[in-house]
There are 4 protein chains.
Amino acid sequence: MSKLYFRYSAMNAGKTTAILQVANNYEERGMNVLLIKPAVDTKGDNKVVSRLGIDREVDILLSAKDTVLPHIDSEKVDAIIVDEAQFLTPKQVDELFYITKTRSIPILCYGLRTDFQMKGFPGASRLLEIADDIEEIKTICRCGKKATLNMRFVGGKPTFSGSQVVIDNGEDNVTYESVCGECYLKKKNNAKK
Amino acid sequence: MSKLYFRYSAMNAGKTTAILQVANNYEERGMNVLLIKPAVDTKGDNKVVSRLGIDREVDILLSAKDTVLPHIDSEKVDAIIVDEAQFLTPKQVDELFYITKTRSIPILCYGLRTDFQMKGFPGASRLLEIADDIEEIKTICRCGKKATLNMRFVGGKPTFSGSQVVIDNGEDNVTYESVCGECYLKKKNNAKK
Amino acid sequence: MSKLYFRYSAMNAGKTTAILQVANNYEERGMNVLLIKPAVDTKGDNKVVSRLGIDREVDILLSAKDTVLPHIDSEKVDAIIVDEAQFLTPKQVDELFYITKTRSIPILCYGLRTDFQMKGFPGASRLLEIADDIEEIKTICRCGKKATLNMRFVGGKPTFSGSQVVIDNGEDNVTYESVCGECYLKKKNNAKK
Amino acid sequence: MSKLYFRYSAMNAGKTTAILQVANNYEERGMNVLLIKPAVDTKGDNKVVSRLGIDREVDILLSAKDTVLPHIDSEKVDAIIVDEAQFLTPKQVDELFYITKTRSIPILCYGLRTDFQMKGFPGASRLLEIADDIEEIKTICRCGKKATLNMRFVGGKPTFSGSQVVIDNGEDNVTYESVCGECYLKKKNNAKK
């Protein structure tokens, strides 16, 4: 039996850097890693790209209707890593849980918990419910406190309505910043006035 | 700004014991604690009862339609503790988050993540999404591994269908045991045969 | 292979309560626990006593010259729990590490990190160096922050010199309180004036 | 009051990568970081170098006799990060603790716990005793379990005697690998034969 890990954080905390490091750790020891990214994340195409300037090709670009198991039958896999795991479907998360218990392959999922409106991403919420191990990758708010929420800026202005998924790939004038709960509520209150 | 904590575990891990200890720690230092229990949990009536034989009266039996804020206006409260927090409504969880940020009162919620069918309790799922701090209270499966899931027994037999909430208060012949993912899936597989 | 756990905290956080709960968790599942207390801790004699009013007899009162292995050969032991683990010798800690790796018995040690002068207890320092898993049992300072240090009071006055081990068993007029780093340094500074 | 953090791991887990990411997180938010490396670590000279191929110049190369405070008086510092913190002296660790409490600057120390003989590094042992927050950066052993110990290889052979500090900078034919407790004890046992 292996574990399903969920390592969550607010945006831009360093999840992809952590993934690149973990993949490297496995490979330095002669082990094989399968790197998965949900296809809905269009940033970086078929790569995961860290803000530190390093990247890596993904092994599977996973669509919402895909299952994971067929991809791991044919090869030796010592660990599975999932980037942007909040974009998994709950059903895919259940399948990952099942794989860890029946195939003894550890699966490490990295992702956000909530969107810019503090609504849970369905894949993240499912991971939080059933992951064997939940760990936080910490980052800081501009005020110095721990950041746990994600603020969306459109044209530089804090925004509190819109569709759940807008990738900050340079189009649409959208950027994100991770903030603490207090700063989030203050900005939201100001936006109402 | 204070933090909203979610300390989760499988059943019978010692959540209520932990609550009694934390309340005691605050009071030993001359601080006041407000102890809340959702009214849907009928076990122990207006008390929280630890399996170690110790108990404590709750300050608020919270119905699903209640808000918490009116209860804390009139008195000095240094910390709020919630037992069986999985039974909170998501809206109540949002209110607790709001209180920690605007009143600087730390709130410590203790509860389960999922029911006997591995479905999330709505209050727990919301806590997992927005709590500032998530910690696990660990317990063990009979096989020696960490237990993360809850198995329902009806008349001593593992059961995988039924309503989400059946309190193990001696009626209905229902008991629960915390198990690891592997043991859960094996029992479920056996039950199908 | 099993793990050597060190669950540390400041004084009066609830370590003994946690031990009583964990022992209960094992026994509810039909497993056997061996409870060890270093003999230097004279409080409660051959019992561990929680501030919540519950207690339990220890299986082994361990002297500094004792080894643990002879005590576990003859019986079935599913887990070993050590209270006041800061009073173990570093050599005993090394033996516990060895037992977890060669006998596959998990060992859970509970104890303080430092004394009233912020000096490490030798047994605790060794546990911190080699434990497979380090977890904190949190408690609060009177100021509301997390307490991590231990203040000794003699006749109610903060005291910063004396021998490392003085048990607060009612004699000697000695009591302890857990405080945060800031409060500790302030009191120490005041005491110098 | 700020916190003194100790984020420990076995060798080659990704400490330097984590440091580069954290420094980047602060700077993306317009904050200033002071990066310290004990001078005894000669690898990379005045840089910290990650195995992923990224690096960063250190702000202070700290000798064992240096104090930190004079370096932070003259400038605005939002956070201090220490690489290879196991090479700090215990006295320097005490100073860092003092700075976090009196200057409200968070200090994040990254380092090993023990050397290739399972002996604690004095700086690491002190950090473990008094850090406000202890976190593990996990990595894996070749066997798939969590690695917590460091094995030294001389000319490719596991070695269990020698001086505590030999930097793996390409000279001396020395390399290191992180291993779990079970693999460490097995190799050590084999080496005796």
# chains A, B, ... in the order shown; residues from 1 in each chain; ligands from 1

$ residues_around --residues "C:Arg152" --least-positions-apart "4" --cutoff "7 Å" --atoms "only C-alpha atoms" --output "PyMOL selection string"
chain C and resi 116+158-159+174-177

$ residues_around --residues "C:Met11" --least-positions-apart "4" --cutoff "12 Å" --atoms "only C-alpha atoms" --output "NGL selection string"
(:B and (25)) or (:C and (15-16 or 50-51 or 84 or 86 or 110-116 or 137-141 or 147-152 or 167-168 or 175-180))

$ atom_distance --atom1 "atom CA of C:Lys3" --atom2 "atom CA of B:Leu108"
28.7 Å

$ closest_atom_pairs --of "chain B" --to "chain C" --cutoff "7 Å" --atoms "only C-alpha atoms" --output "CSV"
residue,atom,partner,partner_atom,distance
B:Ala13,CA,C:Asn25,CA,6.6
B:Gly14,CA,C:Gln21,CA,6.1
B:Gln21,CA,C:Gly14,CA,6.1
B:Asn25,CA,C:Ala13,CA,6.6
B:Arg29,CA,C:Arg142,CA,5.6
B:Thr139,CA,C:Asn25,CA,6.9
B:Arg142,CA,C:Arg29,CA,5.6

$ residues_around --residues "A:Tyr5" --least-positions-apart "4" --cutoff "8 Å" --atoms "only C-alpha atoms" --output "JSON, numbers by chain"
{"A": [106, 107, 108, 109, 131, 132, 133, 134, 135]}

$ select_by_dssp --residues "chain C" --states "strand (DSSP E or B)" --output "ChimeraX atom specification"
/C:4-8,33-38,47-49,55-57,60-62,79-82,107-111,114,120,133-136,140,146,149-154,157-159,174-179

$ write_last_selection --atoms "C-alpha atoms" --output "JSON list (two decimals), in the first residue's frame"
[["chain", "number", "residue", "atom", "x", "y", "z"],
["C", 4, "LEU", "CA", 10.73, 6.28, 15.94],
["C", 5, "TYR", "CA", 8.40, 9.21, 16.68],
["C", 6, "PHE", "CA", 9.18, 12.20, 18.84],
["C", 7, "ARG", "CA", 6.17, 14.27, 19.83],
["C", 8, "TYR", "CA", 7.49, 17.21, 21.75],
["C", 33, "VAL", "CA", 1.24, -1.38, 24.24],
["C", 34, "LEU", "CA", 4.34, -1.19, 26.42],
["C", 35, "LEU", "CA", 4.44, 2.04, 28.44],
["C", 36, "ILE", "CA", 7.85, 3.23, 29.63],
["C", 37, "LYS", "CA", 8.77, 6.08, 31.97],
["C", 38, "PRO", "CA", 12.32, 7.05, 32.92],
["C", 47, "LYS", "CA", 1.97, 5.94, 36.97],
["C", 48, "VAL", "CA", 1.62, 8.53, 34.27],
["C", 49, "VAL", "CA", -0.92, 11.08, 35.42],
["C", 55, "ASP", "CA", -3.87, 7.98, 34.75],
["C", 56, "ARG", "CA", -2.31, 4.64, 33.82],
["C", 57, "GLU", "CA", 0.28, 2.35, 35.31],
["C", 60, "ILE", "CA", 8.67, -0.22, 32.84],
["C", 61, "LEU", "CA", 10.29, 2.36, 35.12],
["C", 62, "LEU", "CA", 13.54, 2.77, 33.21],
["C", 79, "ALA", "CA", 3.87, -0.41, 20.08],
["C", 80, "ILE", "CA", 6.12, 1.17, 22.69],
["C", 81, "ILE", "CA", 5.22, 4.52, 24.24],
["C", 82, "VAL", "CA", 7.66, 6.57, 26.31],
["C", 107, "ILE", "CA", 8.04, 3.66, 19.26],
["C", 108, "LEU", "CA", 6.32, 6.89, 20.24],
["C", 109, "CYS", "CA", 8.30, 9.18, 22.55],
["C", 110, "TYR", "CA", 6.68, 12.17, 24.24],
["C", 111, "GLY", "CA", 8.73, 14.82, 25.97],
["C", 114, "THR", "CA", 14.54, 22.20, 26.63],
["C", 120, "GLY", "CA", 18.38, 20.83, 25.69],
["C", 133, "ASP", "CA", 9.10, 11.73, 12.60],
["C", 134, "ILE", "CA", 9.00, 14.90, 14.69],
["C", 135, "GLU", "CA", 5.66, 16.40, 15.64],
["C", 136, "GLU", "CA", 4.75, 19.25, 17.95],
["C", 140, "ILE", "CA", -0.44, 28.55, 24.24],
["C", 146, "LYS", "CA", 2.28, 29.46, 20.78],
["C", 149, "LEU", "CA", 9.71, 27.31, 26.22],
["C", 150, "ASN", "CA", 9.42, 26.40, 29.88],
["C", 151, "MET", "CA", 9.64, 28.93, 32.67],
["C", 152, "ARG", "CA", 10.46, 27.79, 36.22],
["C", 153, "PHE", "CA", 8.89, 29.59, 39.14],
["C", 154, "VAL", "CA", 10.28, 29.25, 42.66],
["C", 157, "LYS", "CA", 8.96, 34.03, 40.94],
["C", 158, "PRO", "CA", 10.48, 33.41, 37.48],
["C", 159, "THR", "CA", 13.85, 31.78, 38.01],
["C", 174, "VAL", "CA", 8.68, 24.82, 42.23],
["C", 175, "THR", "CA", 6.15, 25.22, 39.42],
["C", 176, "TYR", "CA", 6.47, 25.55, 35.65],
["C", 177, "GLU", "CA", 4.62, 27.41, 32.95],
["C", 178, "SER", "CA", 4.99, 27.18, 29.19],
["C", 179, "VAL", "CA", 5.66, 30.52, 27.50]]

$ decode --residues "stretch 87-127 of chain A" --atoms "N, CA and C atoms" --output "CSV table (one decimal), in the first residue's frame"
chain,number,residue,atom,x,y,z
A,87,PHE,N,-7.2,20.7,-11.1
A,87,PHE,CA,-8.0,20.5,-12.3
A,87,PHE,C,-8.4,19.0,-12.6
A,88,LEU,N,-7.9,18.1,-11.8
A,88,LEU,CA,-8.4,16.7,-11.9
A,88,LEU,C,-9.9,16.7,-11.6
A,89,THR,N,-10.6,15.7,-12.2
A,89,THR,CA,-12.0,15.5,-11.8
A,89,THR,C,-12.0,14.7,-10.5
A,90,PRO,N,-13.0,14.9,-9.7
A,90,PRO,CA,-13.1,14.0,-8.4
A,90,PRO,C,-13.0,12.5,-8.8
A,91,LYS,N,-13.5,12.1,-9.9
A,91,LYS,CA,-13.5,10.7,-10.3
A,91,LYS,C,-12.0,10.3,-10.5
A,92,GLN,N,-11.3,11.2,-11.1
A,92,GLN,CA,-9.8,10.9,-11.4
A,92,GLN,C,-9.1,10.8,-10.1
A,93,VAL,N,-9.4,11.7,-9.1
A,93,VAL,CA,-8.8,11.6,-7.8
A,93,VAL,C,-9.1,10.2,-7.1
A,94,ASP,N,-10.4,9.8,-7.2
A,94,ASP,CA,-10.7,8.5,-6.7
A,94,ASP,C,-9.9,7.4,-7.4
A,95,GLU,N,-9.7,7.5,-8.6
A,95,GLU,CA,-8.9,6.5,-9.3
A,95,GLU,C,-7.4,6.5,-8.8
A,96,LEU,N,-6.9,7.7,-8.6
A,96,LEU,CA,-5.5,7.8,-8.1
A,96,LEU,C,-5.4,7.2,-6.7
A,97,PHE,N,-6.4,7.4,-5.9
A,97,PHE,CA,-6.4,6.8,-4.5
A,97,PHE,C,-6.4,5.3,-4.7
A,98,TYR,N,-7.2,4.8,-5.6
A,98,TYR,CA,-7.3,3.3,-5.9
A,98,TYR,C,-6.0,2.8,-6.3
A,99,ILE,N,-5.3,3.5,-7.2
A,99,ILE,CA,-4.0,3.0,-7.7
A,99,ILE,C,-3.0,2.9,-6.6
A,100,THR,N,-3.0,3.9,-5.7
A,100,THR,CA,-2.0,3.9,-4.6
A,100,THR,C,-2.2,2.6,-3.7
A,101,LYS,N,-3.5,2.2,-3.6
A,101,LYS,CA,-3.8,1.1,-2.7
A,101,LYS,C,-3.6,-0.2,-3.3
A,102,THR,N,-3.8,-0.3,-4.6
A,102,THR,CA,-3.8,-1.6,-5.3
A,102,THR,C,-2.5,-1.9,-6.1
A,103,ARG,N,-1.8,-0.8,-6.4
A,103,ARG,CA,-0.5,-1.0,-7.2
A,103,ARG,C,0.7,-0.6,-6.4
A,104,SER,N,0.5,-0.1,-5.2
A,104,SER,CA,1.6,0.4,-4.4
A,104,SER,C,2.5,1.4,-5.1
A,105,ILE,N,1.9,2.3,-5.8
A,105,ILE,CA,2.7,3.4,-6.4
A,105,ILE,C,2.3,4.7,-5.6
A,106,PRO,N,3.3,5.3,-5.0
A,106,PRO,CA,3.0,6.6,-4.4
A,106,PRO,C,2.6,7.6,-5.4
A,107,ILE,N,1.6,8.4,-5.1
A,107,ILE,CA,1.2,9.5,-6.0
A,107,ILE,C,1.2,10.8,-5.3
A,108,LEU,N,1.9,11.8,-5.9
A,108,LEU,CA,2.1,13.1,-5.2
A,108,LEU,C,1.4,14.1,-6.1
A,109,CYS,N,0.3,14.7,-5.5
A,109,CYS,CA,-0.5,15.7,-6.2
A,109,CYS,C,-0.1,17.1,-5.7
A,110,TYR,N,0.1,18.0,-6.6
A,110,TYR,CA,0.4,19.4,-6.2
A,110,TYR,C,-0.7,20.3,-6.8
A,111,GLY,N,-1.3,21.2,-6.0
A,111,GLY,CA,-2.3,22.1,-6.5
A,111,GLY,C,-2.8,23.1,-5.6
A,112,LEU,N,-3.7,23.9,-6.1
A,112,LEU,CA,-4.4,24.9,-5.3
A,112,LEU,C,-5.5,24.3,-4.5
A,113,ARG,N,-6.0,25.0,-3.5
A,113,ARG,CA,-7.3,24.5,-2.9
A,113,ARG,C,-8.5,25.3,-3.4
A,114,THR,N,-8.4,26.6,-3.5
A,114,THR,CA,-9.6,27.4,-3.9
A,114,THR,C,-9.3,28.4,-5.0
A,115,ASP,N,-10.3,28.8,-5.7
A,115,ASP,CA,-10.1,29.8,-6.7
A,115,ASP,C,-10.2,31.2,-6.2
A,116,PHE,N,-10.2,32.2,-7.1
A,116,PHE,CA,-10.2,33.6,-6.7
A,116,PHE,C,-11.4,34.1,-5.9
A,117,GLN,N,-12.5,33.2,-5.9
A,117,GLN,CA,-13.7,33.5,-5.1
A,117,GLN,C,-13.8,32.7,-3.8
A,118,MET,N,-12.7,32.1,-3.5
A,118,MET,CA,-12.7,31.2,-2.3
A,118,MET,C,-13.5,29.9,-2.5
A,119,LYS,N,-13.9,29.6,-3.8
A,119,LYS,CA,-14.6,28.4,-4.0
A,119,LYS,C,-13.6,27.2,-4.3
A,120,GLY,N,-13.9,26.1,-3.7
A,120,GLY,CA,-13.0,24.9,-3.9
A,120,GLY,C,-13.0,24.5,-5.4
A,121,PHE,N,-11.8,24.1,-5.8
A,121,PHE,CA,-11.7,23.4,-7.1
A,121,PHE,C,-12.1,21.9,-6.8
A,122,PRO,N,-13.1,21.4,-7.6
A,122,PRO,CA,-13.6,20.0,-7.3
A,122,PRO,C,-12.5,19.0,-7.1
A,123,GLY,N,-11.4,19.0,-7.9
A,123,GLY,CA,-10.4,18.0,-7.8
A,123,GLY,C,-9.6,18.2,-6.5
A,124,ALA,N,-9.4,19.5,-6.1
A,124,ALA,CA,-8.7,19.8,-4.9
A,124,ALA,C,-9.5,19.3,-3.7
A,125,SER,N,-10.8,19.6,-3.7
A,125,SER,CA,-11.7,19.3,-2.6
A,125,SER,C,-11.7,17.8,-2.4
A,126,ARG,N,-11.7,17.0,-3.5
A,126,ARG,CA,-11.7,15.6,-3.3
A,126,ARG,C,-10.4,15.1,-2.8
A,127,LEU,N,-9.3,15.7,-3.2
A,127,LEU,CA,-8.0,15.3,-2.7
A,127,LEU,C,-7.9,15.6,-1.2
